[in-house]
$ cat start.cif   # mmCIF, C-alpha atoms
data_final
#
loop_
_atom_site.label_atom_id
_atom_site.label_comp_id
_atom_site.auth_asym_id
_atom_site.auth_seq_id
_atom_site.Cartn_x
_atom_site.Cartn_y
_atom_site.Cartn_z
CA MET A 936 119.14 68.20 50.20
CA ASN A 937 119.93 64.84 51.67
CA LYS A 938 116.99 64.01 53.92
CA ASN A 939 118.66 61.02 55.55
CA ILE A 940 120.75 63.18 57.84
CA ARG A 941 119.44 63.03 61.39
CA ILE A 942 120.73 64.36 64.69
CA SER A 943 119.40 63.36 68.08
CA VAL A 944 117.48 65.66 70.41
CA ARG A 945 120.29 65.65 72.95
CA GLN A 946 122.82 66.69 70.34
CA PHE A 947 120.48 69.42 69.21
CA THR A 948 120.02 70.73 72.76
CA VAL A 949 123.78 70.79 73.30
CA LEU A 950 124.25 72.62 70.02
CA ILE A 951 121.70 75.27 71.01
CA LEU A 952 123.38 75.65 74.38
CA LEU A 953 126.88 76.07 72.96
CA TYR A 954 125.62 78.36 70.22
CA THR A 955 123.87 80.58 72.77
CA ILE A 956 127.02 80.85 74.87
CA GLY A 957 129.45 81.38 71.96
CA THR A 958 130.67 85.01 71.70
CA THR A 959 128.16 85.99 74.38
CA ILE A 960 130.18 84.68 77.31
CA LEU A 961 133.24 86.82 76.62
CA VAL A 962 131.74 90.09 75.42
CA ILE A 963 128.25 90.42 76.91
CA PRO A 964 129.13 91.36 80.53
CA SER A 965 130.73 94.48 79.13
CA SER A 966 127.88 95.56 76.86
CA LEU A 967 125.36 94.82 79.61
CA ALA A 968 127.30 96.87 82.15
CA VAL A 969 127.45 99.88 79.82
CA ASP A 970 123.72 100.41 80.26
CA ALA A 971 122.67 98.51 83.36
CA LYS A 972 125.81 99.09 85.51
CA GLN A 973 125.69 96.94 88.64
CA ASN A 974 122.35 95.48 87.57
CA ALA A 975 123.88 93.84 84.50
CA TRP A 976 123.13 90.40 85.86
CA ILE A 977 119.44 91.36 86.22
CA ALA A 978 119.50 92.52 82.60
CA ALA A 979 120.95 89.13 81.62
CA ALA A 980 118.17 87.38 83.52
CA ALA A 981 115.54 89.60 81.89
CA GLY A 982 117.07 88.91 78.48
CA CYS A 983 117.02 85.20 79.23
CA LEU A 984 113.30 85.39 80.05
CA ILE A 985 112.44 87.42 76.94
CA SER A 986 114.49 85.02 74.83
CA THR A 987 112.04 82.27 75.79
CA ALA A 988 109.36 84.14 73.84
CA ILE A 989 111.69 84.50 70.85
CA VAL A 990 112.54 80.81 70.90
CA GLY A 991 108.79 80.21 71.15
CA LEU A 992 108.37 82.11 67.89
CA TYR A 993 111.07 79.99 66.22
CA ILE A 994 109.47 76.80 67.51
CA TRP A 995 106.11 77.94 66.18
CA LEU A 996 107.62 78.70 62.79
CA GLY A 997 109.57 75.43 62.97
CA GLY A 998 106.29 73.58 63.52
CA LYS A 999 105.07 74.90 60.16
CA LEU A 1000 108.19 73.87 58.29
CA GLY A 1001 107.73 70.11 58.49
CA ASP A 1002 110.32 68.44 56.29
CA ARG A 1003 111.45 71.66 54.69
CA THR A 1004 114.29 73.88 55.76
CA LEU A 1005 113.55 77.57 56.24
CA ILE A 1006 114.60 78.50 52.73
CA GLU A 1007 112.54 75.76 51.10
CA TYR A 1008 109.56 76.91 53.15
CA VAL A 1009 110.03 80.55 52.08
CA GLU A 1010 110.12 79.38 48.48
CA TYR A 1011 106.94 77.35 49.05
CA VAL A 1012 105.09 80.30 50.62
CA PHE A 1013 106.22 83.15 48.40
CA GLY A 1014 106.81 81.36 45.12
CA LYS A 1015 110.02 81.02 43.19
CA TRP A 1016 110.83 84.65 42.44
CA MET A 1017 109.26 86.50 45.35
CA SER A 1018 111.25 84.38 47.79
CA VAL A 1019 114.64 85.37 46.40
CA PRO A 1020 114.99 88.76 48.17
CA LEU A 1021 113.98 87.25 51.53
CA THR A 1022 116.43 84.38 51.08
CA LEU A 1023 119.17 86.83 50.16
CA LEU A 1024 118.47 88.80 53.35
CA PHE A 1025 118.86 85.59 55.35
CA LEU A 1026 122.05 84.61 53.55
CA PHE A 1027 123.50 88.09 54.00
CA PHE A 1028 122.70 87.87 57.71
CA SER A 1029 124.40 84.52 58.18
CA PHE A 1030 127.46 85.57 56.18
CA ILE A 1031 127.85 88.78 58.18
CA GLY A 1032 127.33 86.76 61.35
CA SER A 1033 130.14 84.33 60.62
CA ALA A 1034 132.53 87.01 59.38
CA THR A 1035 132.05 89.24 62.43
CA VAL A 1036 132.31 86.38 64.90
CA LEU A 1037 135.49 85.19 63.20
CA PHE A 1038 136.91 88.68 63.60
CA TYR A 1039 136.00 88.55 67.31
CA ILE A 1040 138.13 85.48 67.89
CA GLY A 1041 141.00 86.89 65.83
CA ASN A 1042 140.87 90.19 67.67
CA PHE A 1043 140.66 88.48 71.05
CA MET A 1044 143.66 86.27 70.34
CA THR A 1045 145.83 89.07 69.00
CA THR A 1046 145.01 91.58 71.72
CA GLN A 1047 144.85 89.33 74.77
CA VAL A 1048 146.64 86.02 74.29
CA MET A 1049 149.17 86.17 71.44
CA PRO A 1050 149.99 89.83 70.74
CA GLU A 1051 152.93 89.10 68.45
CA THR A 1052 150.95 86.90 66.07
CA PRO A 1053 149.27 88.57 63.08
CA ILE A 1054 145.48 88.31 63.08
CA GLU A 1055 145.50 86.70 59.62
CA SER A 1056 147.18 83.53 60.84
CA ILE A 1057 144.61 83.00 63.60
CA VAL A 1058 141.70 83.71 61.30
CA ILE A 1059 143.06 81.34 58.65
CA LEU A 1060 143.67 78.54 61.15
CA PHE A 1061 140.22 78.94 62.63
CA THR A 1062 138.65 78.96 59.17
CA CYS A 1063 140.46 75.70 58.42
CA ILE A 1064 138.65 73.88 61.23
CA ILE A 1065 135.35 75.50 60.25
CA VAL A 1066 135.83 74.23 56.70
CA MET A 1067 136.73 70.79 58.01
CA GLY A 1068 133.59 70.75 60.13
CA LEU A 1069 131.39 71.79 57.23
CA LEU A 1070 132.93 69.22 54.90
CA ALA A 1071 132.33 66.56 57.53
CA GLY A 1072 128.68 67.59 57.72
CA LEU A 1073 125.91 68.24 60.19
CA GLU A 1074 126.00 64.87 61.94
CA VAL A 1075 129.69 65.14 62.67
CA LEU A 1076 129.27 68.68 64.01
CA ALA A 1077 126.50 67.47 66.29
CA ARG A 1078 128.61 64.60 67.60
CA ALA A 1079 131.53 66.97 68.14
CA ALA A 1080 129.25 69.17 70.23
CA GLU A 1081 128.25 66.17 72.31
CA ILE A 1082 131.90 65.23 72.90
CA LEU A 1083 133.08 68.75 73.70
CA MET A 1084 130.19 69.54 76.03
CA PRO A 1085 131.64 67.79 79.16
CA TRP A 1086 134.95 69.60 78.59
CA PHE A 1087 133.14 72.87 78.39
CA LEU A 1088 131.26 72.07 81.59
CA LEU A 1089 134.46 71.07 83.34
CA LEU A 1090 136.17 74.33 82.38
CA PHE A 1091 133.14 76.32 83.44
CA ILE A 1092 132.69 74.61 86.80
CA VAL A 1093 136.40 74.79 87.65
CA SER A 1094 136.68 78.49 86.86
CA THR A 1095 133.42 79.38 88.61
CA PHE A 1096 134.39 77.37 91.69
CA PHE A 1097 137.75 79.12 91.94
CA LEU A 1098 136.10 82.51 91.57
CA ILE A 1099 133.53 82.13 94.35
CA PRO A 1100 135.94 83.26 97.15
CA GLU A 1101 136.60 86.51 95.28
CA ILE A 1102 132.97 87.67 95.23
CA GLU A 1103 132.33 90.99 96.98
CA ILE A 1104 128.61 91.31 97.27
CA GLU A 1105 128.67 95.07 97.91
CA LYS A 1106 129.76 95.58 94.29
CA ILE A 1107 126.30 94.65 93.01
CA GLN A 1108 124.64 97.08 95.40
CA PRO A 1109 122.57 99.28 95.30
CA VAL A 1110 120.21 97.07 93.37
CA THR A 1111 117.39 99.57 92.84
CA GLU A 1112 119.52 102.49 91.66
CA ILE A 1113 119.17 101.70 87.95
CA GLY A 1114 115.77 102.19 86.33
CA LEU A 1115 113.89 99.84 84.04
CA LYS A 1116 114.82 101.54 80.77
CA PRO A 1117 118.59 100.87 80.95
CA ILE A 1118 117.88 97.29 81.98
CA PHE A 1119 115.59 96.84 79.01
CA LYS A 1120 118.15 98.38 76.67
CA ALA A 1121 120.85 96.11 78.06
CA SER A 1122 118.65 93.07 77.65
CA LEU A 1123 118.19 94.05 74.00
CA SER A 1124 121.92 93.66 73.48
CA TYR A 1125 121.72 90.32 75.30
CA LEU A 1126 119.00 89.20 72.89
CA GLY A 1127 120.97 90.44 69.90
CA THR A 1128 124.06 88.42 70.83
CA ALA A 1129 122.60 85.31 72.43
CA SER A 1130 119.04 84.57 71.33
CA LEU A 1131 118.18 86.18 68.01
CA PRO A 1132 121.07 84.52 66.14
CA LEU A 1133 119.33 81.20 66.95
CA PHE A 1134 117.24 82.04 63.87
CA VAL A 1135 119.77 80.20 61.70
CA PHE A 1136 118.85 76.95 63.44
CA LEU A 1137 115.64 76.90 61.41
CA MET A 1138 117.88 75.49 58.67
CA VAL A 1139 118.35 72.42 60.89
CA PHE A 1140 115.27 72.38 63.08
CA PRO A 1141 113.00 70.48 62.68
CA ALA A 1142 113.92 68.87 59.34
CA PHE A 1143 117.06 67.03 60.47
CA ILE A 1144 116.07 65.99 63.98
CA HIS A 1145 114.97 62.54 65.07
CA ASP A 1146 112.14 63.29 67.47
CA ARG A 1147 110.52 66.57 66.50
CA ALA A 1148 108.16 66.88 69.47
CA LYS A 1149 111.00 66.50 71.93
CA ALA A 1150 113.23 68.77 69.87
CA LYS A 1151 110.93 71.70 70.65
CA LYS A 1152 111.55 71.16 74.33
CA GLY A 1153 115.26 70.76 73.62
CA PHE A 1154 115.29 74.12 71.85
CA LEU A 1155 113.79 75.85 74.91
CA ILE A 1156 115.98 74.02 77.42
CA GLY A 1157 119.17 74.67 75.46
CA ASN A 1158 118.38 78.35 75.28
CA LEU A 1159 117.50 78.64 78.98
CA LEU A 1160 120.56 76.70 80.14
CA GLY A 1161 122.78 78.82 77.91
CA GLY A 1162 121.18 81.89 79.46
CA LEU A 1163 121.94 80.53 82.92
CA PHE A 1164 125.65 80.23 82.10
CA ILE A 1165 125.65 83.82 80.90
CA ILE A 1166 123.84 85.08 84.00
CA VAL A 1167 126.43 83.35 86.19
CA ILE A 1168 129.34 84.84 84.23
CA THR A 1169 127.79 88.31 84.26
CA PHE A 1170 127.12 88.07 87.98
CA LEU A 1171 130.70 87.02 88.65
CA SER A 1172 132.09 89.82 86.46
CA ILE A 1173 130.05 92.47 88.23
CA SER A 1174 130.58 91.17 91.74
CA ILE A 1175 134.31 90.60 91.35
CA LEU A 1176 135.50 93.27 88.92
CA GLY A 1177 132.81 95.84 89.68
CA ALA A 1178 130.48 97.52 87.18
CA ASP A 1179 133.00 100.18 86.25
CA PHE A 1180 135.82 97.86 85.27
CA THR A 1181 133.46 95.43 83.53
CA GLU A 1182 132.11 98.26 81.42
CA ARG A 1183 135.52 99.52 80.34
CA ASN A 1184 136.99 96.09 79.59
CA LEU A 1185 136.46 94.62 76.15
CA TYR A 1186 136.67 91.04 77.44
CA PRO A 1187 135.64 91.21 81.12
CA SER A 1188 135.28 87.48 81.70
CA TYR A 1189 138.85 87.01 80.53
CA ALA A 1190 140.01 89.68 82.96
CA LEU A 1191 137.84 87.92 85.52
CA ALA A 1192 139.67 84.63 85.12
CA LYS A 1193 142.96 86.43 85.72
CA LYS A 1194 141.72 87.07 89.26
CA ILE A 1195 141.75 83.38 90.11
CA ASN A 1196 144.26 82.81 92.87
CA VAL A 1197 144.03 79.73 95.04
CA GLY A 1198 146.64 79.71 97.79
CA ASP A 1199 149.12 81.67 95.62
CA PHE A 1200 149.52 78.45 93.67
CA ILE A 1201 146.73 78.18 91.08
CA GLN A 1202 147.09 81.47 89.22
CA ARG A 1203 146.84 82.83 85.68
CA VAL A 1204 144.45 80.16 84.49
CA GLU A 1205 142.54 82.62 82.29
CA ILE A 1206 143.18 80.42 79.29
CA LEU A 1207 140.43 78.18 80.75
CA MET A 1208 138.03 80.96 79.87
CA ALA A 1209 139.56 81.28 76.41
CA GLY A 1210 139.20 77.51 75.99
CA MET A 1211 135.48 77.71 76.72
CA TRP A 1212 135.29 80.47 74.19
CA PHE A 1213 137.07 78.47 71.46
CA ILE A 1214 134.68 75.56 71.92
CA THR A 1215 131.50 77.63 71.84
CA ILE A 1216 132.57 80.05 69.13
CA PHE A 1217 133.52 77.16 66.87
CA PHE A 1218 129.89 76.05 66.89
CA LYS A 1219 128.65 79.59 66.45
CA ILE A 1220 130.70 80.17 63.29
CA SER A 1221 130.00 76.64 62.06
CA PHE A 1222 126.24 77.08 62.21
CA TYR A 1223 126.23 80.55 60.72
CA SER A 1224 128.38 79.11 57.95
CA TYR A 1225 126.33 75.96 57.63
CA SER A 1226 123.15 77.94 57.15
CA PHE A 1227 124.87 80.22 54.63
CA VAL A 1228 126.33 77.43 52.53
CA THR A 1229 123.28 75.15 52.58
CA GLY A 1230 121.00 78.15 52.07
CA LEU A 1231 122.99 79.27 49.04
CA ALA A 1232 122.91 75.74 47.65
CA GLN A 1233 119.14 75.53 48.12
CA LEU A 1234 118.62 78.96 46.58
CA CYS A 1235 120.47 77.87 43.46
CA GLY A 1236 118.77 74.48 43.40
CA ILE A 1237 121.88 72.49 44.20
CA LYS A 1238 121.63 69.24 46.14
CA GLU A 1239 125.15 69.02 47.51
CA TYR A 1240 126.69 72.00 49.30
CA ARG A 1241 130.17 70.54 49.82
CA PRO A 1242 131.85 71.87 46.64
CA LEU A 1243 131.04 75.39 47.86
CA VAL A 1244 132.65 75.05 51.28
CA VAL A 1245 136.29 75.81 50.47
CA PRO A 1246 135.57 78.83 48.22
CA TYR A 1247 133.29 80.02 51.00
CA GLY A 1248 136.18 79.66 53.45
CA ILE A 1249 138.34 81.98 51.31
CA LEU A 1250 135.55 84.58 51.18
CA LEU A 1251 135.07 84.25 54.92
CA ILE A 1252 138.75 84.92 55.65
CA VAL A 1253 138.80 88.04 53.49
CA TYR A 1254 135.56 89.39 54.90
CA SER A 1255 136.39 88.71 58.52
CA LEU A 1256 139.41 90.94 58.00
CA THR A 1257 137.27 93.55 56.26
CA VAL A 1258 133.99 93.88 58.18
CA TYR A 1259 135.46 95.69 61.16
CA PRO A 1260 138.22 98.12 60.13
CA ASP A 1261 139.07 98.63 63.81
CA VAL A 1262 137.83 97.94 67.33
CA VAL A 1263 136.18 101.35 67.67
CA TYR A 1264 134.07 100.63 64.60
CA MET A 1265 133.23 97.22 66.08
CA MET A 1266 132.09 98.60 69.42
CA ASP A 1267 130.06 101.36 67.81
CA PHE A 1268 128.42 99.00 65.34
CA ASP A 1269 127.63 96.32 67.93
CA SER A 1270 126.11 98.70 70.44
CA THR A 1271 124.07 100.82 68.02
CA VAL A 1272 123.22 99.70 64.48
CA TYR A 1273 123.43 95.97 65.10
CA ILE A 1274 120.41 95.96 67.47
CA PRO A 1275 117.74 97.24 65.03
CA TYR A 1276 119.40 95.18 62.27
CA ILE A 1277 119.13 91.90 64.11
CA LEU A 1278 115.67 92.74 65.42
CA SER A 1279 114.42 93.25 61.88
CA ILE A 1280 116.13 90.14 60.45
CA ALA A 1281 115.63 87.65 63.25
CA LEU A 1282 112.37 88.87 64.76
CA LEU A 1283 110.34 90.71 62.10
CA LEU A 1284 111.36 88.46 59.22
CA PRO A 1285 110.26 85.17 60.87
CA ALA A 1286 107.05 86.84 62.08
CA PHE A 1287 106.42 88.00 58.51
CA ILE A 1288 107.11 84.53 57.10
CA LEU A 1289 104.80 83.01 59.71
CA ALA A 1290 101.99 85.45 58.84
CA ALA A 1291 102.40 84.91 55.12
CA GLY A 1292 102.38 81.15 55.66
CA ALA A 1293 99.15 81.39 57.66
CA ILE A 1294 97.52 83.48 54.91
CA LYS A 1295 98.58 80.97 52.30
CA GLU A 1296 97.16 78.10 54.36
CA ASN A 1297 93.82 79.90 54.73
CA MET A 1298 93.64 80.71 51.02
CA SER A 1299 94.23 77.13 49.97
CA LYS A 1300 91.48 75.84 52.28
CA MET B 753 152.11 88.35 49.07
CA TRP B 754 152.33 84.83 50.50
CA LEU B 755 148.56 85.00 50.99
CA ILE B 756 147.98 85.41 47.24
CA VAL B 757 150.36 82.55 46.45
CA GLY B 758 148.63 80.40 49.05
CA VAL B 759 145.15 81.17 47.73
CA VAL B 760 146.17 80.54 44.11
CA LEU B 761 147.85 77.24 45.02
CA LEU B 762 144.81 76.22 47.06
CA SER B 763 142.53 77.10 44.16
CA ILE B 764 144.56 75.04 41.70
CA LEU B 765 144.44 72.09 44.09
CA LEU B 766 140.72 72.62 44.58
CA ILE B 767 139.96 72.88 40.86
CA ARG B 768 142.03 69.72 40.31
CA LEU B 769 140.00 67.89 42.97
CA GLU B 770 136.48 69.19 42.38
CA VAL B 771 136.07 70.06 38.70
CA PRO B 772 136.62 66.61 37.11
CA ALA B 773 134.12 65.05 39.52
CA LEU B 774 131.53 67.75 38.87
CA LEU B 775 132.01 67.55 35.10
CA LYS B 776 131.70 63.78 35.18
CA LYS B 777 128.36 63.98 36.98
CA LYS B 778 127.29 66.83 34.66
CA LYS B 779 126.61 69.15 37.59
CA ILE B 780 126.83 72.36 35.59
CA LYS B 781 125.05 74.60 38.13
CA GLU B 782 127.39 73.47 40.89
CA LEU B 783 130.33 74.13 38.64
CA TRP B 784 129.15 77.67 37.89
CA LEU B 785 128.56 78.56 41.51
CA PHE B 786 131.84 76.95 42.57
CA SER B 787 133.81 78.85 39.93
CA LEU B 788 132.10 82.17 40.72
CA MET B 789 132.75 81.88 44.44
CA LEU B 790 136.34 80.80 43.90
CA LEU B 791 136.98 83.63 41.44
CA GLY B 792 135.40 86.11 43.86
CA GLY B 793 137.53 84.74 46.67
CA ILE B 794 140.77 85.04 44.70
CA MET B 795 139.96 88.56 43.51
CA LEU B 796 139.02 89.72 47.00
CA THR B 797 142.19 88.21 48.46
CA ILE B 798 144.32 90.04 45.91
CA ALA B 799 142.42 93.25 46.62
CA LYS B 800 142.90 92.74 50.34
CA VAL B 801 146.63 92.11 50.08
CA ALA B 802 147.05 95.09 47.72
CA HIS B 803 145.10 97.27 50.20
CA LEU B 804 142.47 98.13 47.61
CA PRO B 805 139.13 99.27 49.05
CA ILE B 806 136.75 96.33 49.53
CA PRO B 807 133.05 97.17 49.92
CA ASN B 808 132.14 96.66 53.57
CA PRO B 809 128.62 95.26 54.04
CA LEU B 810 128.47 96.72 57.54
CA ASP B 811 128.72 100.23 56.09
CA PHE B 812 125.62 99.46 54.09
CA ILE B 813 123.79 98.12 57.18
CA THR B 814 124.85 101.24 59.07
CA TRP B 815 123.49 103.43 56.28
CA VAL B 816 120.12 101.65 56.37
CA TYR B 817 119.68 101.24 60.13
CA ARG B 818 121.28 104.37 61.60
CA PRO B 819 117.91 106.23 61.95
CA ALA B 820 116.29 103.22 63.66
CA SER B 821 119.19 102.87 66.08
CA ASP B 822 119.13 106.58 66.87
CA MET B 823 115.44 106.22 67.65
CA ILE B 824 116.03 103.30 70.02
CA ASN B 825 118.77 105.23 71.78
CA TYR B 826 116.51 108.26 72.06
CA PHE B 827 113.61 106.36 73.61
CA LEU B 828 115.67 104.22 75.97
CA LYS B 829 117.98 106.93 77.26
#

$ encode --input "start.cif" --output "structure tokens"
Amino acid sequence: MNKNIRISVRQFTVLILLYTIGTTILVIPSSLAVDAKQNAWIAAAAGCLISTAIVGLYIWLGGKLGDRTLIEYVEYVFGKWMSVPLTLLFLFFSFIGSATVLFYIGNFMTTQVMPETPIESIVILFTCIIVMGLLAGLEVLARAAEILMPWFLLLFIVSTFFLIPEIEIEKIQPVTEIGLKPIFKASLSYLGTASLPLFVFLMVFPAFIHDRAKAKKGFLIGNLLGGLFIIVITFLSISILGADFTERNLYPSYALAKKINVGDFIQRVEILMAGMWFITIFFKISFYSYSFVTGLAQLCGIKEYRPLVVPYGILLIVYSLTVYPDVVYMMDFDSTVYIPYILSIALLLPAFILAAGAIKENMSK
Amino acid sequence: MWLIVGVVLLSILLIRLEVPALLKKKKIKELWLFSLMLLGGIMLTIAKVAHLPIPNPLDFITWVYRPASDMINYFLK
């Protein structure tokens, strides 16, 4: 691995922020509303708070890594052969992550924006920019995030500002009708989409960051700010569309943006929302893919991951068209099996690695 | 059909670009992994276009985690 690559703390924070928002912003209001109904925004806030603890765990583990990436650290702790199954679990997770998220964007485009276009063409085009980003490398991705961030903010502020007049506060009432259990369950799906995938950033953090002490703070801030965006979007979805409609709609925030109507003149600007989604989801797929490709290279003892990127792109295209046979399968998988899966991979696995690392440290003393 | 042609053309271009450089630097491991992934990619694309069944990793995850997810749903209902 080339150790000369460095990204700044600000770039890292922006990456975390965009990665947290990617996919989450368009789909989460719906999955939150399924359980928490009109309290979905409270569930988002609860999820945001719990996610701080999860990011704390990653920062703790990151503190142990030093100059190593996650996979090099696993190899150091468990030895050459014992580490292979754990690494394969991680690689499997990041591959599944990128393939499913790529399907999300393809499905969104073909059902909502361009219904006449086959999903393959969108998936292939999107994979092309992912491959370009990976070939360009981590530093370029980080700089791209820095450049796209103001655009994202602009789109977000404009659409939120236009939506404020539409808010009907009685739609979030009664606040105390829903118990704690549904809120907790809803916040689990928040964690599964927004916070637990941040696990893949241990391939970047802290090895490739300039100022490691500040990067820890950046990790927390990025995650919290990302959570704030999601709380705002969820609140708007519930208070404008109502819990019922949010729950039934696959992409509520897109439906939300269709409501924008300023003086019968500014209308149908929902593509603003889609634009925010393209920006954030690009970084989500890129970092899932980055951790897969670099992880695979490190597993096989290869220094340079770039020759693998294009073959990986071909695999990604095929699998993004395979993982979800249809939308029903997708909704069932995401709301049921995905939650224990991601909890075991992104919560239990790092805790296990951390414990094993601590034992190894004590033994060598 | 055009997908297969596209993938094969892309692979030929890729092999033309990557393989000589890798051979020159004697990066045999890289070459192996590159060829395996490319071969896998081409085969899967052909299988996809021909509508052959491709193993879905999510089915496997579902098989492993279904009991755990049922438990979560039971306790949080």

$ interface_residues --input "start.cif" --of "chain B" --to "chain A" --cutoff "6 Å" --atoms "all atoms listed in the file" --output "mmCIF file with C-alpha atoms, in the coordinates of the input"
data_model
loop_
_atom_site.group_PDB
_atom_site.id
_atom_site.type_symbol
_atom_site.label_atom_id
_atom_site.label_comp_id
_atom_site.auth_asym_id
_atom_site.auth_seq_id
_atom_site.Cartn_x
_atom_site.Cartn_y
_atom_site.Cartn_z
ATOM 1 C CA PHE B 786 131.840 76.950 42.570
ATOM 2 C CA MET B 789 132.750 81.880 44.440
ATOM 3 C CA LEU B 790 136.340 80.800 43.900
ATOM 4 C CA GLY B 793 137.530 84.740 46.670
ATOM 5 C CA ASN B 808 132.140 96.660 53.570
ATOM 6 C CA THR B 814 124.850 101.240 59.070
ATOM 7 C CA TYR B 817 119.680 101.240 60.130
ATOM 8 C CA ARG B 818 121.280 104.370 61.600
ATOM 9 C CA SER B 821 119.190 102.870 66.080
ATOM 10 C CA LEU B 828 115.670 104.220 75.970
#

$ residues_around --input "start.cif" --residues "Thr958 (chain A)" --least-positions-apart "5" --cutoff "12 Å" --atoms "all atoms listed in the file" --output "MDAnalysis selection string"
chainID A and resid 953 963:964 1032:1033 1035:1040 1043 1125 1127:1130 1132 1161 1165 1186 1188 1208:1209 1211:1220

$ residues_around --input "start.cif" --residues "Pro1100 (chain A)" --least-positions-apart "2" --cutoff "12 Å" --atoms "all atoms listed in the file" --output "ChimeraX atom specification"
/A:1094-1098,1102-1104,1171,1174-1175,1194-1198

$ atom_distance --input "start.cif" --atom1 "CA of Leu1159 (chain A)" --atom2 "CA of Leu1131 (chain A)"
13.3 Å

$ resolve_selection --input "start.cif" --expression "the PyMOL selection byres ((chain B and resi 799-803) around 10)" --output "PDB file with C-alpha atoms, in the coordinates of the input"
ATOM      1  CA  VAL A1253     138.800  88.040  53.490  1.00  0.00           C
ATOM      2  CA  TYR A1254     135.560  89.390  54.900  1.00  0.00           C
ATOM      3  CA  LEU A1256     139.410  90.940  58.000  1.00  0.00           C
ATOM      4  CA  THR A1257     137.270  93.550  56.260  1.00  0.00           C
TER       5      THR A1257
ATOM      6  CA  MET B 753     152.110  88.350  49.070  1.00  0.00           C
ATOM      7  CA  TRP B 754     152.330  84.830  50.500  1.00  0.00           C
ATOM      8  CA  LEU B 755     148.560  85.000  50.990  1.00  0.00           C
ATOM      9  CA  ILE B 756     147.980  85.410  47.240  1.00  0.00           C
ATOM     10  CA  GLY B 793     137.530  84.740  46.670  1.00  0.00           C
ATOM     11  CA  ILE B 794     140.770  85.040  44.700  1.00  0.00           C
ATOM     12  CA  MET B 795     139.960  88.560  43.510  1.00  0.00           C
ATOM     13  CA  LEU B 796     139.020  89.720  47.000  1.00  0.00           C
ATOM     14  CA  THR B 797     142.190  88.210  48.460  1.00  0.00           C
ATOM     15  CA  ILE B 798     144.320  90.040  45.910  1.00  0.00           C
ATOM     16  CA  LEU B 804     142.470  98.130  47.610  1.00  0.00           C
ATOM     17  CA  PRO B 805     139.130  99.270  49.050  1.00  0.00           C
ATOM     18  CA  ILE B 806     136.750  96.330  49.530  1.00  0.00           C
TER      19      ILE B 806
END

$ residues_around --input "start.cif" --residues "Phe1140 (chain A)" --least-positions-apart "4" --cutoff "10 Å" --atoms "only C-alpha atoms" --output "list in words"
Ile942, Phe947, Tyr993, Ile994, Leu996, Gly997, Gly998, Leu1000, Gly1001, Asp1002, Arg1003, Thr1004, Leu1005, Phe1134, Val1135, Phe1136, Ile1144, Arg1147, Ala1150, Lys1151 and Phe1154 of chain A

$ residues_around --input "start.cif" --residues "Phe1287 (chain A)" --least-positions-apart "5" --cutoff "12 Å" --atoms "only C-alpha atoms" --output "JSON, numbers by chain"
{"A": [992, 996, 1009, 1012, 1013, 1021, 1279, 1280, 1281, 1282, 1292, 1293, 1294]}

$ write_last_selection --input "start.cif" --atoms "C-alpha atoms" --output "short mmCIF file (atom, residue, chain, number, x, y, z; two decimals), in the coordinates of the input"
data_model
loop_
_atom_site.label_atom_id
_atom_site.label_comp_id
_atom_site.auth_asym_id
_atom_site.auth_seq_id
_atom_site.Cartn_x
_atom_site.Cartn_y
_atom_site.Cartn_z
CA LEU A 992 108.37 82.11 67.89
CA LEU A 996 107.62 78.70 62.79
CA VAL A 1009 110.03 80.55 52.08
CA VAL A 1012 105.09 80.30 50.62
CA PHE A 1013 106.22 83.15 48.40
CA LEU A 1021 113.98 87.25 51.53
CA SER A 1279 114.42 93.25 61.88
CA ILE A 1280 116.13 90.14 60.45
CA ALA A 1281 115.63 87.65 63.25
CA LEU A 1282 112.37 88.87 64.76
CA GLY A 1292 102.38 81.15 55.66
CA ALA A 1293 99.15 81.39 57.66
CA ILE A 1294 97.52 83.48 54.91
#

$ residues_around --input "start.cif" --residues "Glu1007 (chain A)" --least-positions-apart "6" --cutoff "9 Å" --atoms "only C-alpha atoms" --output "PDB file with C-alpha atoms, keeping the file's coordinate frame"
ATOM      1  CA  LEU A1000     108.190  73.870  58.290  1.00  0.00           C
ATOM      2  CA  GLY A1230     121.000  78.150  52.070  1.00  0.00           C
ATOM      3  CA  GLN A1233     119.140  75.530  48.120  1.00  0.00           C
ATOM      4  CA  LEU A1234     118.620  78.960  46.580  1.00  0.00           C
TER       5      LEU A1234
END

$ closest_residue --input "start.cif" --among "A:Gly1210, A:Gly1014, A:Gly991, A:Pro1141" --to "Leu1089 (chain A)" --atoms "only C-alpha atoms"
A:Gly1210

$ closest_residue --input "start.cif" --among "A:Leu1155, A:Val1204, A:Ser1299, A:Thr1169" --to "Ile985 (chain A)" --atoms "only C-alpha atoms"
A:Leu1155

$ atom_distance --input "start.cif" --atom1 "CA of Ile956 (chain A)" --atom2 "CA of Met1044 (chain A)"
18.1 Å

$ atom_distance --input "start.cif" --atom1 "CA of Tyr1008 (chain A)" --atom2 "CA of Ile1288 (chain A)"
8.9 Å
